[in-house]
2 protein chains.
Amino acid sequence: MSVIYNRVALIGLGLIASSMFWAMKRGGLAGEVTGYARSAETRDTARRIGLCDRVCDSAEEAVKDADLVVLCVPVGVMGAVAEQIASSLKSGATVTDVGSVKRDVINNVAPHLPEGVHFIPGHPLAGTEHSGPESGFAQLFDGRWCLLVPVDGSDPAATAKLRSFWEALGSNVSEMEADHHDLVVAVTSHAPHLIAYTMVGVADDLGRVTDSEVIKYSAGGFRDFTRIAASDPTMWRDVFLSNKDATLEILGRFTEELFALQRAIRTGDGDHLHSYFTRTRAIRRGIIEAGQDTDAPDFGRAGPRQP
Amino acid sequence: MSVIYNRVALIGLGLIASSMFWAMKRGGLAGEVTGYARSAETRDTARRIGLCDRVCDSAEEAVKDADLVVLCVPVGVMGAVAEQIASSLKSGATVTDVGSVKRDVINNVAPHLPEGVHFIPGHPLAGTEHSGPESGFAQLFDGRWCLLVPVDGSDPAATAKLRSFWEALGSNVSEMEADHHDLVVAVTSHAPHLIAYTMVGVADDLGRVTDSEVIKYSAGGFRDFTRIAASDPTMWRDVFLSNKDATLEILGRFTEELFALQRAIRTGDGDHLHSYFTRTRAIRRGIIEAGQDTDAPDFGRAGPRQP
């Protein structure tokens, strides 16, 4: 591996930024990596654990002379951060982001960026339920997709360079149009997260009835919902507010289907349930075959199968 | 470890029964284990892979002289199986089951069992999305809960022996009343499964719009829904039909909460979303502390964290 960008600035130092830093170090992809976080506590933590070659006390200082600036903040503040750094950006620099929503980020960031700066929005489809500067690890992007969403006038050479950077971080890279991106992630990520949050909230409401039993006996499905529903609250609030239309569209369809299944339970229509569950099982096979999950039993936590 | 039951009969040879067999072998817990499955193909597979010391061609033959009979069939056919084996049961034998619903199983099984046979319903809270005789492994129950649901007149000594058996299989054992059991699992397992099935079905409906992209880009939450929604269709059809009231009750509460969150998205009420997501995050901590999941990043599939 070799240096792809001489200087990279990470704005926001959470799970994604810290994972990018460790993956850049693993591959030797950047000459120097600067970092900035709004919270002094986060900056102190970053300095303590060696996250970034240089932690700066302002975003403007961090982006100065950077060849690549990565906005790793919640999507609700992307616009404000772009406005703040705009006049400090080097001519010819590439600005990208890692937000889970693209149309809203484009609308809020693009107007602030000066001529001569390349804006190429991005979205790595990777994460865990942990957040903060200490949650990152170099392997987060390995084998995961990163979607690039070039806007009108994105420079092809700058896009190609950013693509090679994400590939060197371990990702598979694909390009997608912004609105289509927002619909796809509403299905694969945003609606599932809201549903998981909801189910965990319902269980919490029932806490007085079932006491700690809900937690104690969580192995059968609920456990995995709690993992999803443990993700960063600020990030997800912003995602839902920024991808409102697509999320509400998918949730509307979800509610329709749920009502149909509830009705089948109420009326005892076992055939409807069985054929529905058989259909969904096939989708799982598709995901295994696409290499986006392992087929290991019990979520990879159990030992080897007996002979 | 030492033999707890001289002869154990497993009726139904799927994930749970095959895991019980390998765990019994691991611990030397049974003198001889017989097995029966309705499908000749399953019996052939069991014989080929050495599942059970003796695979029988009828349930009656399998339970003959058995000290413990474990009903490992879908809950919808528990009653029919109990009727079939009733007259072949040894006096003093214990009959248990592994069904995910308890009130319905008790109503359907108990009337068939003769005097002098101990009926002690059970439910191991363990599983994977795989099914069939080849899906079992000895570690499935390690550290997981098994709930015993003694009925009126269950013999305390027989219950204590069954408890020590499940503990030797690796489980933690707790006792619970049938209706309470059915409510707790509706929250922790049945409703989450139906919701996961629904979301995966919605994604499948959108297949024509988003083509294979839903599968390709599934890493962000949806992937875990597909794992849950890949579980055995027959087992789950029976679960929902047998635990109808509790499941519909929980789904009703779920829908209420989901509508409230959808409304918050539509009206842009970020505070409501943020406080809801903060509350659900705390539940996750409870589950980690209760030892029912690991805190490893990226579902345990990623490598070690960087220094």
# chains A, B, ... in the order shown; residues from 1 in each chain; ligands from 1
>>> residues_around(residues="Gly132 in chain B", least_positions_apart="4", cutoff="9 Å", atoms="only C-alpha atoms", output="ChimeraX atom specification")
/B:13-16,18,42,136,232
>>> select_by_dssp(residues="range 66-304 of chain B", states="strand (DSSP E or B)", output="list in words")
Leu68, Val69, Val70, Leu71, Thr94, Val95, Thr96, Asp97, His118, Phe119, Gly122, His123, Pro124, Trp145, Cys146, Leu147, Leu148, Asn172, Val173, Ser174 and Glu175 of chain B
>>> closest_residue(among="A:Leu261, A:Ala40, A:Val8, A:Ala186", to="Asp53 in chain A", atoms="only C-alpha atoms")
A:Val8
>>> closest_residue(among="A:Phe277, A:Phe141, A:Phe119, A:Phe165", to="chain B", atoms="only C-alpha atoms")
A:Phe277
>>> select_by_dssp(residues="range 8-116 of chain A", states="helix (DSSP H, G or I)", output="PyMOL selection string")
chain A and resi 15-27+40-49+59-63+75-88+103-112
>>> closest_residue(among="B:Met24, B:Ala37, B:Ile106, B:Ala66", to="chain A", atoms="only C-alpha atoms")
B:Met24
>>> residues_around(residues="Arg281 in chain A", least_positions_apart="6", cutoff="12 Å", atoms="only C-alpha atoms", output="PyMOL selection string")
(chain A and resi 274-275+287-288) or (chain B and resi 129-131+196-198+200-201+204+225-234+236)
>>> atom_distance(atom1="CA of Arg253 in chain B", atom2="CA of Val202 in chain A")
6.7 Å
>>> closest_residue(among="A:His272, A:Arg237, A:Lys161, A:Lys64", to="chain B", atoms="only C-alpha atoms")
A:Arg237
>>> residues_around(residues="Thr247 in chain A", least_positions_apart="2", cutoff="10 Å", atoms="only C-alpha atoms", output="number ranges by chain")
A: 182-187, 189-192, 194, 239-245, 249-252; B: 262, 265-266
>>> write_last_selection(atoms="C-alpha atoms", output="mmCIF file, in the first residue's frame")
data_model
loop_
_atom_site.group_PDB
_atom_site.id
_atom_site.type_symbol
_atom_site.label_atom_id
_atom_site.label_comp_id
_atom_site.auth_asym_id
_atom_site.auth_seq_id
_atom_site.Cartn_x
_atom_site.Cartn_y
_atom_site.Cartn_z
ATOM 1 C CA ASP A 182 -31.890 7.266 0.320
ATOM 2 C CA LEU A 183 -34.622 4.780 -0.626
ATOM 3 C CA VAL A 184 -32.311 1.758 -0.504
ATOM 4 C CA VAL A 185 -30.966 2.634 2.936
ATOM 5 C CA ALA A 186 -34.481 3.377 4.185
ATOM 6 C CA VAL A 187 -35.238 -0.289 3.478
ATOM 7 C CA SER A 189 -31.169 0.307 7.555
ATOM 8 C CA HIS A 190 -33.404 3.215 8.568
ATOM 9 C CA ALA A 191 -36.752 1.428 8.855
ATOM 10 C CA PRO A 192 -35.175 -1.642 10.553
ATOM 11 C CA LEU A 194 -36.768 2.468 13.901
ATOM 12 C CA VAL A 239 -31.028 10.230 10.080
ATOM 13 C CA PHE A 240 -34.792 9.942 10.543
ATOM 14 C CA LEU A 241 -35.382 13.680 10.325
ATOM 15 C CA SER A 242 -33.148 13.942 7.229
ATOM 16 C CA ASN A 243 -34.562 10.949 5.373
ATOM 17 C CA LYS A 244 -38.131 11.586 6.429
ATOM 18 C CA ASP A 245 -39.971 10.834 3.189
ATOM 19 C CA GLU A 249 -42.878 5.482 2.926
ATOM 20 C CA ILE A 250 -41.208 2.232 3.977
ATOM 21 C CA LEU A 251 -42.793 2.305 7.439
ATOM 22 C CA GLY A 252 -46.186 2.734 5.784
ATOM 23 C CA GLN B 262 -43.609 7.986 12.904
ATOM 24 C CA ILE B 265 -40.498 11.975 12.357
ATOM 25 C CA ARG B 266 -43.277 13.580 10.335
#
>>> residues_around(residues="Pro124 in chain B", least_positions_apart="2", cutoff="12 Å", atoms="only C-alpha atoms", output="PyMOL selection string")
(chain A and resi 217-220) or (chain B and resi 15-17+19-20+70+72+96-102+121-122+126-127+140-149+163+166-167+169-175+181+185)
